[in-house]
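Heads up, the thing below is written out as structure tokens.
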Amino acid sequence: MAINLQKGQRIEIGLSKVGVGLGWDPNEGTGFDFDLDASAFMLGENKKLPQDEYFVFYNNPKSPDGAVESSGDDLTGGNSDGDDETLTVDLSKVDPKIQEIIFTVTIHDYETRKQNFGQVRNSFIRIYNAQTNEEIARYELDEDFSVETAVEFGRLYKKGSEWKFEAMGIGYKGGLQYFVNKYA
């Protein structure tokens with residue numbers, strides 16, 4: 001049974017292949033589709049990207065070590081009943097210089113479209129076993145982040161030789177560029 005994550009909560013992963021799924025439903029009546037984007041920032045000890053290519057998102061779908069891969073960009077959220085975008089992580093392939101992987105969700109073009117997470121229907125991000133699809137943990141985005149446009153969902157981090165997951169749940173008023181500026 002999946003854990004409904006609380007901010008700051010840490011859980012053991014104990015897996016080599018992890019999936020991060022982002023889902024939402026189209027919201028009628030706003031005049032624009034909601035385009036949510038899942039991204040991963042693979043960070044070194046200094047909490048920065050060792051190279052730009054360790055930022056995985058719709059325009060860079062695979063990390064140089066082959067450890068993190070994006071499913072691509074879903075522009076509307078109406079393409080499935082479950083995850084609309086996924087990031088798959090093979091922890092056995094992560095470059096040794098990477099100490100943590102931050103997962104973010106942002107709303108594309110939020111300023112022009114005047115959108116925030118409070119307007120998105122049924123939005124969530126979840127972490128699951130990529131081999132069995134068994135859900136480990138989930139965050140409902142529309143409940144905690146009503147006015148925010150960008151969220152640091154959580155992070156996988158190395159503790160010795162083990163990978164753990166921490167729910168961050170930090171919302172921001174900004175877009176993908178905010179996180180690029182923070183981690184590049």
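By order of appearance in the structure tokens: chains A, B, ..., then residues from 1 within every chain, and ligands from 1 in the order shown.
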All residues 6 Å or closer to stretch 54-67 of chain A, only C-alpha atoms, same chain fewer than 5 positions away omitted, as number ranges by chain: A: 39-42, 72-73, 89-90, 93-95
Close residues, A:Ser71 itself excluded, 7 Å, only C-alpha atoms, min 3 positions apart in chain, as JSON, numbers by chain: {"A": [85, 86, 87]}
Residue set, stretch 26-150 of chain A restricted to alpha helix (DSSP H), as JSON, numbers by chain: {"A": [110, 111, 112, 113, 141, 142, 143, 144]}
DSSP-assigned strand (DSSP E) members of chain A, reported as an MDAnalysis selection string: chainID A and resid 3:4 10:12 17:25 36:43 55:56 68:70 85:90 100:107 121:129 135:140 150:159 162:172
Nearby residues (only C-alpha atoms) at most 6 Å from stretch 153-169 of chain A, same-chain spacing under 3 positions excluded, as an MDAnalysis selection string: chainID A and resid 7:13 99:104
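Comparing A:Val180, A:Val105, A:Val120, A:Ala150 by their smallest distance to A:Lys48, the closest is A:Val180 (using only C-alpha atoms).
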Pick from A:Glu53, A:Asp83, A:Asp35, A:Glu45, whichever lies nearest to A:Phe117 using only C-alpha atoms: A:Asp35
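Closest approach to A:Gly118 among A:Glu69, A:Asp144, A:Asp52, A:Glu134 is made by A:Asp144 (distances from only C-alpha atoms).
If only C-alpha atoms are the atoms counted, then among A:Val147, A:Ala130, A:Thr88, A:Glu111 the closest residue to A:Val68 is A:Thr88.
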Selected residue of minimal separation from A:Gly31 among A:Thr112, A:Thr132, A:Asn122, A:Ser16, counting only C-alpha atoms: A:Thr112
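Among the candidate residues A:Ser146, A:Lys47, A:Ser123, A:Tyr110, the one lying nearest to A:Lys182 is A:Lys47, with distances computed using only C-alpha atoms.
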